[in-house]
file target-v1.txt (compact mmCIF, C-alpha atoms and all ligand atoms)
# COMPACT_ATOMS: atom_id res chain seq x y z
CA MET A 1 106.67 120.07 79.14
CA ILE A 2 106.62 118.80 75.54
CA LYS A 3 106.07 115.04 75.43
CA LYS A 4 108.70 113.11 73.44
CA LYS A 5 107.37 111.35 70.32
CA PRO A 6 107.74 107.54 70.86
CA LEU A 7 110.34 105.93 68.64
CA ASN A 8 109.40 103.29 66.10
CA ILE A 9 112.32 100.89 65.63
CA ALA A 10 112.68 98.19 62.95
CA VAL A 11 114.77 95.14 63.89
CA ILE A 12 115.92 93.05 60.92
CA GLY A 13 116.62 89.39 61.74
CA GLY A 14 115.00 87.17 64.36
CA GLY A 15 117.92 85.14 65.71
CA ILE A 16 118.93 85.40 69.36
CA GLY A 17 120.24 88.96 68.82
CA GLY A 18 117.16 90.33 67.06
CA LEU A 19 114.68 88.68 69.43
CA MET A 20 116.64 89.87 72.47
CA ALA A 21 116.78 93.41 71.09
CA THR A 22 113.02 93.44 70.47
CA LEU A 23 112.35 92.10 73.97
CA ALA A 24 114.73 94.56 75.65
CA LEU A 25 113.29 97.51 73.67
CA GLN A 26 109.79 96.40 74.64
CA GLN A 27 110.81 96.21 78.30
CA VAL A 28 112.20 99.74 78.36
CA GLY A 29 108.90 100.96 76.91
CA LEU A 30 109.85 101.46 73.25
CA HIS A 31 108.06 100.18 70.19
CA ALA A 32 110.00 97.74 68.01
CA GLU A 33 108.87 95.60 65.06
CA LEU A 34 110.96 92.57 64.10
CA TYR A 35 111.29 91.27 60.51
CA GLU A 36 112.61 87.70 60.08
CA GLN A 37 113.17 86.13 56.66
CA ALA A 38 112.29 82.55 57.69
CA PRO A 39 108.61 81.55 57.37
CA GLN A 40 108.54 80.79 61.11
CA PHE A 41 110.72 80.84 64.22
CA SER A 42 111.73 77.26 63.64
CA GLU A 43 113.66 74.62 65.56
CA VAL A 44 117.07 75.19 64.00
CA GLY A 45 120.47 74.84 65.60
CA ALA A 46 122.09 72.78 68.28
CA GLY A 47 124.05 73.58 71.44
CA ILE A 48 125.00 77.10 72.42
CA GLY A 49 126.90 78.25 75.52
CA LEU A 50 125.70 81.12 77.73
CA GLY A 51 128.31 82.64 80.01
CA PRO A 52 127.33 84.42 83.25
CA ASN A 53 127.47 87.74 81.36
CA ALA A 54 124.54 86.57 79.20
CA VAL A 55 122.69 84.63 81.92
CA ARG A 56 122.52 87.73 84.17
CA ILE A 57 120.88 89.72 81.36
CA LEU A 58 118.30 87.03 80.62
CA GLN A 59 117.48 86.88 84.33
CA ARG A 60 117.24 90.67 84.50
CA LEU A 61 114.70 90.60 81.67
CA GLY A 62 112.57 88.15 83.67
CA LEU A 63 113.56 84.94 81.86
CA GLY A 64 115.33 83.22 84.79
CA LYS A 65 112.68 80.52 85.30
CA GLN A 66 112.36 79.77 81.59
CA LEU A 67 116.14 79.49 81.32
CA ASP A 68 116.28 77.13 84.29
CA ALA A 69 113.76 74.92 82.52
CA ILE A 70 115.90 74.47 79.39
CA ARG A 71 119.51 74.58 80.56
CA ALA A 72 121.62 71.53 81.29
CA PRO A 73 123.32 71.73 84.69
CA VAL A 74 127.02 71.09 84.03
CA THR A 75 129.52 70.28 86.75
CA GLY A 76 132.87 70.74 85.07
CA PHE A 77 135.20 71.14 82.14
CA VAL A 78 137.40 68.15 81.28
CA LEU A 79 140.34 67.94 78.87
CA ARG A 80 141.46 64.56 77.53
CA HIS A 81 144.23 63.31 75.27
CA TRP A 82 143.07 62.58 71.72
CA HIS A 83 144.57 59.11 71.36
CA ASP A 84 144.61 57.37 74.72
CA GLY A 85 141.79 59.44 76.22
CA LYS A 86 143.84 60.07 79.39
CA LEU A 87 142.65 62.85 81.68
CA ILE A 88 144.73 66.01 81.28
CA ASN A 89 142.72 68.45 83.34
CA ASP A 90 139.40 68.41 85.26
CA GLN A 91 137.96 71.75 86.40
CA GLN A 92 134.89 71.93 88.61
CA GLN A 93 131.92 74.11 87.78
CA ASN A 94 129.19 74.59 90.35
CA ALA A 95 126.00 73.52 88.58
CA GLU A 96 123.80 75.87 90.62
CA ASN A 97 125.99 78.96 90.46
CA GLU A 98 125.36 81.04 87.38
CA TYR A 99 128.43 83.15 88.06
CA ALA A 100 130.85 80.25 87.82
CA GLY A 101 130.69 78.85 84.33
CA VAL A 102 128.81 78.32 81.12
CA TRP A 103 125.21 77.18 80.88
CA PRO A 104 124.66 75.13 77.76
CA VAL A 105 121.26 75.37 76.06
CA HIS A 106 119.73 74.23 72.80
CA ARG A 107 119.57 77.24 70.48
CA ALA A 108 116.05 76.37 69.30
CA GLU A 109 114.78 76.21 72.92
CA LEU A 110 116.32 79.61 73.69
CA ILE A 111 114.70 81.05 70.55
CA THR A 112 111.35 79.64 71.74
CA ILE A 113 111.48 81.29 75.17
CA LEU A 114 112.48 84.64 73.63
CA HIS A 115 109.73 84.38 71.03
CA GLU A 116 107.14 83.60 73.73
CA ALA A 117 108.19 86.62 75.80
CA ILE A 118 107.50 89.10 72.97
CA SER A 119 104.12 90.40 71.93
CA HIS A 120 103.42 88.49 68.70
CA GLU A 121 101.96 91.44 66.80
CA GLN A 122 105.50 92.82 66.71
CA LEU A 123 107.00 89.74 65.04
CA HIS A 124 106.80 89.43 61.26
CA THR A 125 108.04 86.26 59.55
CA GLY A 126 108.61 85.60 55.83
CA LYS A 127 110.14 89.09 55.56
CA HIS A 128 113.47 89.01 53.77
CA CYS A 129 114.90 92.52 53.84
CA GLN A 130 116.34 93.32 50.43
CA SER A 131 117.53 96.88 50.85
CA LEU A 132 117.28 100.00 52.96
CA THR A 133 117.72 103.73 52.49
CA GLN A 134 117.41 106.66 54.86
CA ASP A 135 117.05 110.42 54.99
CA ASN A 136 117.31 112.84 57.92
CA GLU A 137 114.03 111.68 59.41
CA HIS A 138 113.39 108.04 58.56
CA VAL A 139 114.71 104.67 57.43
CA TYR A 140 112.92 102.95 54.52
CA LEU A 141 113.06 99.14 54.28
CA THR A 142 112.13 97.08 51.23
CA PHE A 143 111.29 93.39 51.54
CA GLU A 144 111.44 90.64 48.94
CA ASP A 145 107.65 90.22 49.01
CA GLY A 146 107.29 93.84 47.86
CA THR A 147 106.28 95.35 51.20
CA GLN A 148 107.87 98.56 52.43
CA VAL A 149 108.29 99.77 55.99
CA THR A 150 109.22 103.18 57.35
CA ALA A 151 110.84 103.47 60.78
CA ASP A 152 112.61 106.09 62.91
CA ALA A 153 115.63 103.79 63.24
CA ALA A 154 116.70 100.33 62.06
CA VAL A 155 118.86 97.65 63.66
CA GLY A 156 120.58 95.05 61.47
CA ALA A 157 120.51 91.81 63.49
CA ASP A 158 120.62 89.74 60.32
CA GLY A 159 123.64 87.56 61.01
CA ILE A 160 127.02 87.02 59.38
CA HIS A 161 125.73 87.69 55.82
CA SER A 162 123.89 90.82 56.91
CA VAL A 163 122.18 92.82 54.17
CA VAL A 164 122.18 95.83 56.50
CA ARG A 165 125.96 95.60 57.04
CA ASN A 166 126.51 95.12 53.30
CA THR A 167 124.62 98.36 52.63
CA TYR A 168 127.48 100.33 54.20
CA HIS A 169 130.46 97.96 54.01
CA THR A 170 132.16 95.85 51.36
CA ASP A 171 134.11 93.35 53.50
CA GLN A 172 133.43 89.62 53.26
CA PRO A 173 133.31 86.79 55.84
CA ILE A 174 136.77 85.27 56.42
CA PHE A 175 137.30 81.49 56.29
CA SER A 176 139.10 80.17 59.39
CA ASN A 177 140.48 77.11 57.63
CA GLN A 178 138.43 74.91 59.92
CA ILE A 179 135.16 73.12 59.52
CA ALA A 180 133.00 71.73 62.29
CA TYR A 181 130.72 68.70 62.33
CA ARG A 182 127.77 69.06 64.71
CA GLY A 183 125.25 66.60 66.00
CA LEU A 184 122.87 65.73 68.81
CA VAL A 185 122.74 62.34 70.52
CA PRO A 186 120.04 61.12 72.96
CA MET A 187 121.76 60.82 76.33
CA GLU A 188 120.51 57.27 76.97
CA ARG A 189 122.87 56.06 74.21
CA LEU A 190 125.90 57.43 76.06
CA THR A 191 125.68 55.73 79.47
CA PHE A 192 129.35 54.69 79.11
CA LEU A 193 130.30 58.35 79.80
CA GLY A 194 129.19 58.12 83.44
CA ASP A 195 129.53 61.47 85.27
CA GLU A 196 131.14 63.05 82.26
CA ALA A 197 127.73 63.16 80.62
CA HIS A 198 127.21 66.26 82.82
CA LYS A 199 130.40 68.06 81.83
CA PHE A 200 132.01 69.82 78.93
CA THR A 201 134.57 67.27 77.71
CA MET A 202 137.14 68.06 75.06
CA TRP A 203 139.60 65.65 73.47
CA MET A 204 142.59 67.69 72.23
CA GLY A 205 144.77 66.56 69.37
CA PRO A 206 146.90 67.62 66.42
CA GLN A 207 144.84 69.83 64.07
CA ARG A 208 141.55 68.66 65.56
CA HIS A 209 139.46 68.80 68.72
CA PHE A 210 136.28 67.02 69.71
CA LEU A 211 133.88 68.66 72.18
CA ILE A 212 130.73 67.36 73.87
CA TYR A 213 128.32 68.99 76.31
CA PRO A 214 124.76 68.31 77.44
CA VAL A 215 121.77 70.43 76.35
CA SER A 216 117.98 70.21 76.83
CA ARG A 217 118.09 69.65 80.62
CA GLY A 218 120.75 66.98 80.14
CA THR A 219 118.60 64.73 77.94
CA VAL A 220 120.64 65.29 74.78
CA MET A 221 124.39 65.47 74.13
CA ASN A 222 125.65 68.18 71.78
CA VAL A 223 128.69 67.12 69.73
CA VAL A 224 131.01 69.52 67.88
CA ALA A 225 134.11 68.23 66.11
CA PHE A 226 136.60 70.70 64.62
CA VAL A 227 138.70 69.47 61.67
CA PRO A 228 140.75 70.96 58.82
CA PRO A 229 138.87 71.44 55.53
CA GLU A 230 138.96 68.71 52.95
CA GLY A 231 139.00 69.74 49.27
CA ASN A 232 137.16 72.92 48.38
CA TRP A 233 134.09 72.52 50.60
CA ARG A 234 133.50 75.90 52.29
CA VAL A 235 129.74 76.21 52.88
CA GLU A 236 128.86 78.65 55.67
CA SER A 237 125.47 77.30 56.61
CA TRP A 238 123.82 76.04 59.77
CA ALA A 239 121.72 73.68 57.70
CA ALA A 240 124.34 71.86 55.55
CA HIS A 241 124.21 68.09 55.99
CA GLY A 242 127.33 66.01 56.55
CA GLU A 243 127.92 62.26 56.63
CA VAL A 244 128.48 60.41 59.92
CA LYS A 245 130.86 58.05 58.06
CA ASP A 246 133.06 61.01 57.01
CA LEU A 247 133.12 62.26 60.59
CA ALA A 248 134.05 58.74 61.79
CA LYS A 249 136.94 58.66 59.30
CA GLU A 250 138.29 61.98 60.61
CA PHE A 251 138.55 60.47 64.11
CA ASP A 252 139.29 56.80 63.41
CA THR A 253 142.55 56.81 65.37
CA TRP A 254 141.09 58.72 68.32
CA ALA A 255 140.14 57.54 71.83
CA PRO A 256 137.50 54.77 72.06
CA HIS A 257 134.94 57.11 73.67
CA VAL A 258 135.20 59.54 70.76
CA GLN A 259 134.53 56.71 68.34
CA LYS A 260 131.62 55.37 70.39
CA ILE A 261 130.00 58.82 70.50
CA ILE A 262 130.25 59.10 66.71
CA GLN A 263 128.75 55.62 66.32
CA ALA A 264 125.78 56.76 68.45
CA MET A 265 124.98 59.66 66.06
CA ASP A 266 122.12 59.25 63.56
CA ASP A 267 123.13 62.26 61.48
CA THR A 268 125.44 65.25 61.43
CA MET A 269 125.57 68.80 60.09
CA ARG A 270 128.69 70.32 58.60
CA TRP A 271 129.55 73.96 59.03
CA ALA A 272 132.55 75.86 57.59
CA LEU A 273 133.76 78.32 60.22
CA TYR A 274 133.86 81.97 59.18
CA ASP A 275 134.19 85.20 61.10
CA ARG A 276 134.58 88.85 60.14
CA ASP A 277 137.23 91.44 60.83
CA PRO A 278 136.14 94.13 63.32
CA LEU A 279 134.45 97.04 61.53
CA ASP A 280 135.50 100.70 61.60
CA PHE A 281 131.93 101.70 62.31
CA TRP A 282 128.53 100.07 62.90
CA THR A 283 126.29 103.09 62.77
CA GLN A 284 125.31 105.16 59.77
CA GLY A 285 122.73 107.83 60.61
CA ARG A 286 119.65 106.04 61.92
CA VAL A 287 120.88 102.52 61.18
CA THR A 288 123.09 100.35 63.36
CA LEU A 289 124.19 96.71 63.67
CA LEU A 290 123.95 94.12 66.43
CA GLY A 291 125.15 90.55 67.08
CA ASP A 292 126.82 88.59 64.28
CA ALA A 293 125.92 91.31 61.77
CA ALA A 294 128.21 93.66 63.71
CA HIS A 295 130.89 91.26 64.95
CA ALA A 296 130.63 87.68 63.66
CA MET A 297 133.11 85.60 65.65
CA LEU A 298 134.38 82.02 65.78
CA PRO A 299 132.77 79.76 68.39
CA HIS A 300 135.89 79.07 70.47
CA GLN A 301 135.01 81.22 73.50
CA GLY A 302 131.28 80.44 73.50
CA GLN A 303 130.42 84.14 73.17
CA GLY A 304 128.52 84.52 69.85
CA ALA A 305 125.13 84.51 71.52
CA GLY A 306 126.39 86.23 74.70
CA GLN A 307 127.75 89.26 72.86
CA SER A 308 124.51 89.69 70.93
CA ILE A 309 122.60 89.52 74.24
CA GLU A 310 124.84 92.22 75.74
CA ASP A 311 124.36 94.36 72.58
CA ALA A 312 120.59 94.00 72.83
CA LEU A 313 120.28 95.24 76.41
CA LEU A 314 122.67 98.15 75.89
CA LEU A 315 120.97 99.18 72.65
CA ALA A 316 117.68 99.31 74.57
CA TYR A 317 119.22 101.32 77.43
CA SER A 318 120.70 103.78 74.91
CA LEU A 319 117.50 104.22 72.91
CA ARG A 320 115.43 104.62 76.09
CA GLU A 321 117.07 108.03 76.30
CA ALA A 322 116.46 108.94 72.65
CA ASP A 323 113.73 110.73 70.69
CA THR A 324 113.25 111.20 66.95
CA GLU A 325 115.70 114.12 66.98
CA THR A 326 118.48 112.44 68.95
CA VAL A 327 118.19 108.82 67.87
CA ALA A 328 121.23 108.91 65.54
CA ALA A 329 123.41 110.33 68.33
CA TRP A 330 122.22 107.64 70.77
CA LEU A 331 123.04 104.93 68.21
CA GLN A 332 126.57 106.38 68.07
CA PHE A 333 126.68 106.18 71.86
CA TYR A 334 125.61 102.50 71.77
CA GLU A 335 128.35 101.75 69.23
CA ALA A 336 131.03 103.56 71.26
CA LEU A 337 129.96 101.61 74.34
CA ARG A 338 129.92 98.18 72.69
CA LYS A 339 132.54 98.11 69.92
CA PRO A 340 135.75 98.06 72.00
CA ARG A 341 134.52 95.01 73.93
CA THR A 342 133.19 93.04 70.94
CA THR A 343 136.40 93.80 68.99
CA ARG A 344 138.45 92.34 71.83
CA VAL A 345 136.19 89.27 71.97
CA GLN A 346 136.49 88.73 68.20
CA GLU A 347 140.28 89.01 68.32
CA THR A 348 140.83 86.81 71.37
CA THR A 349 138.42 84.20 69.99
CA ARG A 350 140.63 83.77 66.91
CA SER A 351 143.61 82.88 69.08
CA ALA A 352 141.55 80.74 71.52
CA GLY A 353 140.81 78.23 68.74
CA LYS A 354 144.50 77.54 68.32
CA LEU A 355 144.87 76.46 71.98
CA TYR A 356 143.03 73.19 71.50
CA ASP A 357 144.62 71.83 68.31
CA LEU A 358 148.05 70.92 69.66
CA PRO A 359 150.89 68.69 68.50
CA ASP A 360 151.34 65.64 70.70
CA SER A 361 154.44 67.06 72.37
CA GLU A 362 152.48 70.10 73.62
CA ILE A 363 149.23 68.53 74.77
CA TYR A 364 150.10 67.66 78.38
CA ARG A 365 152.38 70.67 78.93
CA ARG A 366 149.77 73.18 77.73
CA GLY A 367 146.62 71.25 78.71
CA GLU A 368 147.55 70.73 82.36
CA HIS A 369 147.77 74.46 83.01
CA PHE A 370 144.78 75.40 80.93
CA SER A 371 142.04 77.04 82.98
CA PHE A 372 138.84 77.76 81.12
CA SER A 373 137.46 79.92 83.93
CA ASN A 374 140.67 81.97 84.35
CA ARG A 375 140.72 82.63 80.61
CA SER A 376 137.04 83.57 80.59
CA ILE A 377 136.74 85.67 83.73
CA TRP A 378 136.99 89.02 81.86
CA LEU A 379 134.17 87.85 79.59
CA TRP A 380 131.96 86.52 82.38
CA ASN A 381 132.40 89.47 84.78
CA TYR A 382 130.98 92.07 82.39
CA ASP A 383 128.08 93.80 84.08
CA ALA A 384 125.99 95.50 81.40
CA ASP A 385 124.20 97.82 83.85
CA GLN A 386 127.50 98.97 85.29
CA ALA A 387 128.97 99.40 81.79
CA PHE A 388 126.05 101.63 80.83
CA LYS A 389 126.43 103.82 83.94
CA GLN A 390 130.15 104.24 83.29
CA ALA A 391 129.60 105.00 79.61
CA LYS A 392 127.18 107.79 80.51
CA GLN A 393 130.06 109.46 82.37
CA THR A 394 132.76 108.91 79.75
CA ILE A 395 131.15 108.85 76.28
CA ALA A 396 129.64 111.97 74.69
CA HIS A 397 125.85 111.84 74.33
CA PRO A 398 122.95 114.25 73.74
P1 LIG B 1 121.92 84.76 63.82
O1 LIG B 1 121.68 83.73 64.86
O2 LIG B 1 122.70 84.38 62.62
O3 LIG B 1 120.48 85.29 63.36
C1 LIG B 1 120.28 86.11 62.22
C2 LIG B 1 118.81 86.04 61.84
O4 LIG B 1 118.57 86.97 60.79
C3 LIG B 1 118.41 84.67 61.31
O5 LIG B 1 117.21 84.27 61.93
C4 LIG B 1 118.22 84.91 59.81
O6 LIG B 1 117.24 84.06 59.23
C5 LIG B 1 117.79 86.37 59.79
N1 LIG B 1 118.10 87.08 58.52
C6 LIG B 1 119.25 87.02 57.81
N2 LIG B 1 119.19 87.83 56.74
C7 LIG B 1 117.97 88.42 56.79
C8 LIG B 1 117.31 89.38 55.97
N3 LIG B 1 117.92 89.90 54.88
N4 LIG B 1 116.05 89.78 56.30
C9 LIG B 1 115.42 89.27 57.41
N5 LIG B 1 116.01 88.34 58.22
C10 LIG B 1 117.26 87.95 57.93
N6 LIG B 1 125.44 78.91 67.10
C11 LIG B 1 125.88 77.87 67.85
O7 LIG B 1 126.78 78.07 68.67
N7 LIG B 1 125.32 76.62 67.75
C12 LIG B 1 124.30 76.37 66.87
O8 LIG B 1 123.84 75.24 66.78
C13 LIG B 1 123.83 77.42 66.06
N8 LIG B 1 122.85 77.21 65.16
C14 LIG B 1 122.42 78.23 64.39
C15 LIG B 1 121.36 77.99 63.48
C16 LIG B 1 120.92 79.04 62.66
C17 LIG B 1 119.79 78.77 61.68
C18 LIG B 1 121.50 80.33 62.74
C19 LIG B 1 120.98 81.45 61.84
C20 LIG B 1 122.53 80.56 63.64
C21 LIG B 1 123.00 79.53 64.47
N9 LIG B 1 124.02 79.73 65.40
C22 LIG B 1 124.44 78.70 66.20
C23 LIG B 1 124.70 81.04 65.51
C24 LIG B 1 124.29 81.81 66.71
O9 LIG B 1 122.89 81.79 66.85
C25 LIG B 1 124.76 83.24 66.51
O10 LIG B 1 126.14 83.26 66.25
C26 LIG B 1 124.54 84.10 67.76
O11 LIG B 1 123.44 83.68 68.50
C27 LIG B 1 124.34 85.56 67.35
O12 LIG B 1 123.03 85.66 66.84
P2 LIG B 1 122.50 86.74 65.84
O13 LIG B 1 121.06 86.92 66.18
O14 LIG B 1 123.37 87.93 65.80
O15 LIG B 1 122.63 86.05 64.40

call {"tool": "encode", "arguments": {"input": "target-v1.txt", "output": "structure tokens"}}
result
Amino acid sequence: MIKKKPLNIAVIGGGIGGLMATLALQQVGLHAELYEQAPQFSEVGAGIGLGPNAVRILQRLGLGKQLDAIRAPVTGFVLRHWHDGKLINDQQQNAENEYAGVWPVHRAELITILHEAISHEQLHTGKHCQSLTQDNEHVYLTFEDGTQVTADAAVGADGIHSVVRNTYHTDQPIFSNQIAYRGLVPMERLTFLGDEAHKFTMWMGPQRHFLIYPVSRGTVMNVVAFVPPEGNWRVESWAAHGEVKDLAKEFDTWAPHVQKIIQAMDDTMRWALYDRDPLDFWTQGRVTLLGDAAHAMLPHQGQGAGQSIEDALLLAYSLREADTETVAAWLQFYEALRKPRTTRVQETTRSAGKLYDLPDSEIYRRGEHFSFSNRSIWLWNYDADQAFKQAKQTIAHP
């Protein structure tokens, strides 16, 4: 029997999606090299939610213990009225059951455990990919520092402003008309929250909502406050600084707990919310997309990281079957398997954001019947292994 030539895959971008893809490819026995533009895998970001769909995959890749060590056990999801702070809805979440809710983690801590699980010779930092071309046999990458890399296939995991996506598409990120303030507060400053320090709590109001949840094993509170844009400020950056006094002004008529949380913040970041329309195609020859590069979405269903984690595992399963001759066809298979689901997540996430910013007259009526877990069950129940098996029976492949 002729032995298949092992594939050499280039992954561009070392966020959660790119690191997960490299790890999953490594675990199915393929060779991947990751190129990240930042000088190091640094401590950037704040809270991120992982639904059971993502948690199962991380556990399957052997990261269960590491995840347990960084996640904050949360016991419920609480909705409150913006002005008087009255309880509208309190839904339980079993802190020990990964199939029953969202596990909040600090993005930087998740990046660290992924980074530690990958052989470091495969990770290249300070590599900003400038352009790529391909022929029938290879993909050729050019980096800003002048280096060039040749691979059998390339995966653009380079986020919402993806260079790889922009090589084949001309669309632009779409502004949602919302900005978010983010911040982290040491939990010992928030003792007035009592048990709610261990829950997702959201204050719902007209044109705004204010969300808190614990990260870093419950030692730190993550704060995200969604507001309409003021003036022309539209910066899509995870590193743009905001002013705590501006955030306080946005919420100065809100419930006392909201105001006390803002007072406890030392600093805040400001982030204009953008997403992208679903693409017609992700794959061109030997190049495909993954994570935000393929399907940037708003944060309202807590699925940005989860969808990139699903992509990563299913890309690895698809390429496990490929060789240098069939790799383009297997990338098409991966796209056909993933795109219908991520398109639905992108579309439903746009409408989910509108559920929380309600006029006063609607808050109790809508809030009382709101069930986060009922709304999320189709997202959380996705079993990537099962999806792959089914796809093998229904989607054409080599
Ligand atoms: P991203 O997380 O955007 O990662 C893309 C990676 O590609 C980045 O590391 C980037 O530096 C790299 N890159 C971009 N262009 C190039 C290039 N040309 N060449 C090489 N590398 C390139 N979500 C939250 O919910 N809460 C947060 O606090 C939060 N903080 C974030 C902080 C940062 C710095 C970033 C980049 C993203 C953050 N996100 C956060 C978004 C969240 O991580 C993603 O939406 C989700 O995890 C999907 O990840 P991704 O890997 O597809 O994309």

call {"tool": "closest_atom_pairs", "arguments": {"input": "target-v1.txt", "of": "region 169-285 of chain A", "to": "region 156-165 of chain A", "cutoff": "9 Å", "atoms": "all atoms listed in the file", "output": "Markdown table"}}
result
| residue | atom | partner | partner_atom | distance |
| --- | --- | --- | --- | --- |
| A:His169 | CA | A:Arg165 | CA | 5.9 |
| A:Thr170 | CA | A:Arg165 | CA | 8.4 |
| A:Gln172 | CA | A:His161 | CA | 8.3 |
| A:Pro173 | CA | A:Ile160 | CA | 7.2 |
| A:Tyr274 | CA | A:Ile160 | CA | 8.5 |
| A:Asp275 | CA | A:Ile160 | CA | 7.6 |
| A:Arg276 | CA | A:Ile160 | CA | 7.8 |
| A:Trp282 | CA | A:Arg165 | CA | 7.8 |

call {"tool": "residues_around", "arguments": {"input": "target-v1.txt", "residues": "Gly183 (chain A)", "least_positions_apart": "5", "cutoff": "7 Å", "atoms": "only C-alpha atoms", "output": "ChimeraX atom specification"}}
result
/A:222-224,265,267-269

call {"tool": "residues_around", "arguments": {"input": "target-v1.txt", "residues": "region 228-243 of chain A", "least_positions_apart": "2", "cutoff": "6 Å", "atoms": "only C-alpha atoms", "output": "list in words"}}
result
Gln178, Ile179, Lys245, Asp246, Thr268, Met269, Arg270, Trp271 and Ala272 of chain A

call {"tool": "write_last_selection", "arguments": {"input": "target-v1.txt", "atoms": "C-alpha atoms", "output": "short mmCIF file (atom, residue, chain, number, x, y, z; two decimals), in the coordinates of the input"}}
result
data_model
loop_
_atom_site.label_atom_id
_atom_site.label_comp_id
_atom_site.auth_asym_id
_atom_site.auth_seq_id
_atom_site.Cartn_x
_atom_site.Cartn_y
_atom_site.Cartn_z
CA GLN A 178 138.43 74.91 59.92
CA ILE A 179 135.16 73.12 59.52
CA LYS A 245 130.86 58.05 58.06
CA ASP A 246 133.06 61.01 57.01
CA THR A 268 125.44 65.25 61.43
CA MET A 269 125.57 68.80 60.09
CA ARG A 270 128.69 70.32 58.60
CA TRP A 271 129.55 73.96 59.03
CA ALA A 272 132.55 75.86 57.59
#

call {"tool": "residues_around", "arguments": {"input": "target-v1.txt", "residues": "region 309-326 of chain A", "least_positions_apart": "5", "cutoff": "6 Å", "atoms": "all atoms listed in the file", "output": "compact mmCIF listing (two decimals) with C-alpha atoms, keeping the file's coordinate frame"}}
result
# COMPACT_ATOMS: atom_id res chain seq x y z
CA GLY A 17 120.24 88.96 68.82
CA MET A 20 116.64 89.87 72.47
CA ALA A 21 116.78 93.41 71.09
CA ALA A 24 114.73 94.56 75.65
CA LEU A 25 113.29 97.51 73.67
CA TYR A 334 125.61 102.50 71.77

call {"tool": "residues_around", "arguments": {"input": "target-v1.txt", "residues": "Leu123 (chain A)", "least_positions_apart": "4", "cutoff": "9 Å", "atoms": "all atoms listed in the file", "output": "VMD selection string"}}
result
chain A and resid 14 19 22 33 to 36 115 118 to 119

call {"tool": "residues_around", "arguments": {"input": "target-v1.txt", "residues": "region 205-216 of chain A", "least_positions_apart": "4", "cutoff": "6 Å", "atoms": "only C-alpha atoms", "output": "ChimeraX atom specification"}}
result
/A:70-72,82,104-106,199-201,220-227,357-359

call {"tool": "write_last_selection", "arguments": {"input": "target-v1.txt", "atoms": "C-alpha atoms", "output": "PDB file, in the coordinates of the input"}}
result
ATOM      1  CA  ILE A  70     115.900  74.470  79.390  1.00  0.00           C
ATOM      2  CA  ARG A  71     119.510  74.580  80.560  1.00  0.00           C
ATOM      3  CA  ALA A  72     121.620  71.530  81.290  1.00  0.00           C
ATOM      4  CA  TRP A  82     143.070  62.580  71.720  1.00  0.00           C
ATOM      5  CA  PRO A 104     124.660  75.130  77.760  1.00  0.00           C
ATOM      6  CA  VAL A 105     121.260  75.370  76.060  1.00  0.00           C
ATOM      7  CA  HIS A 106     119.730  74.230  72.800  1.00  0.00           C
ATOM      8  CA  LYS A 199     130.400  68.060  81.830  1.00  0.00           C
ATOM      9  CA  PHE A 200     132.010  69.820  78.930  1.00  0.00           C
ATOM     10  CA  THR A 201     134.570  67.270  77.710  1.00  0.00           C
ATOM     11  CA  VAL A 220     120.640  65.290  74.780  1.00  0.00           C
ATOM     12  CA  MET A 221     124.390  65.470  74.130  1.00  0.00           C
ATOM     13  CA  ASN A 222     125.650  68.180  71.780  1.00  0.00           C
ATOM     14  CA  VAL A 223     128.690  67.120  69.730  1.00  0.00           C
ATOM     15  CA  VAL A 224     131.010  69.520  67.880  1.00  0.00           C
ATOM     16  CA  ALA A 225     134.110  68.230  66.110  1.00  0.00           C
ATOM     17  CA  PHE A 226     136.600  70.700  64.620  1.00  0.00           C
ATOM     18  CA  VAL A 227     138.700  69.470  61.670  1.00  0.00           C
ATOM     19  CA  ASP A 357     144.620  71.830  68.310  1.00  0.00           C
ATOM     20  CA  LEU A 358     148.050  70.920  69.660  1.00  0.00           C
ATOM     21  CA  PRO A 359     150.890  68.690  68.500  1.00  0.00           C
TER      22      PRO A 359
END

call {"tool": "residues_near_point", "arguments": {"input": "target-v1.txt", "point": "(117.2, 99.0, 51.6)", "cutoff": "12 Å", "atoms": "all atoms listed in the file", "output": "PyMOL selection string"}}
result
chain A and resi 12+128-135+139-144+146-150+154+156+162-168+287

call {"tool": "write_last_selection", "arguments": {"input": "target-v1.txt", "atoms": "C-alpha atoms", "output": "compact mmCIF listing (two decimals), in the frame of the given file"}}
result
# COMPACT_ATOMS: atom_id res chain seq x y z
CA ILE A 12 115.92 93.05 60.92
CA HIS A 128 113.47 89.01 53.77
CA CYS A 129 114.90 92.52 53.84
CA GLN A 130 116.34 93.32 50.43
CA SER A 131 117.53 96.88 50.85
CA LEU A 132 117.28 100.00 52.96
CA THR A 133 117.72 103.73 52.49
CA GLN A 134 117.41 106.66 54.86
CA ASP A 135 117.05 110.42 54.99
CA VAL A 139 114.71 104.67 57.43
CA TYR A 140 112.92 102.95 54.52
CA LEU A 141 113.06 99.14 54.28
CA THR A 142 112.13 97.08 51.23
CA PHE A 143 111.29 93.39 51.54
CA GLU A 144 111.44 90.64 48.94
CA GLY A 146 107.29 93.84 47.86
CA THR A 147 106.28 95.35 51.20
CA GLN A 148 107.87 98.56 52.43
CA VAL A 149 108.29 99.77 55.99
CA THR A 150 109.22 103.18 57.35
CA ALA A 154 116.70 100.33 62.06
CA GLY A 156 120.58 95.05 61.47
CA SER A 162 123.89 90.82 56.91
CA VAL A 163 122.18 92.82 54.17
CA VAL A 164 122.18 95.83 56.50
CA ARG A 165 125.96 95.60 57.04
CA ASN A 166 126.51 95.12 53.30
CA THR A 167 124.62 98.36 52.63
CA TYR A 168 127.48 100.33 54.20
CA VAL A 287 120.88 102.52 61.18
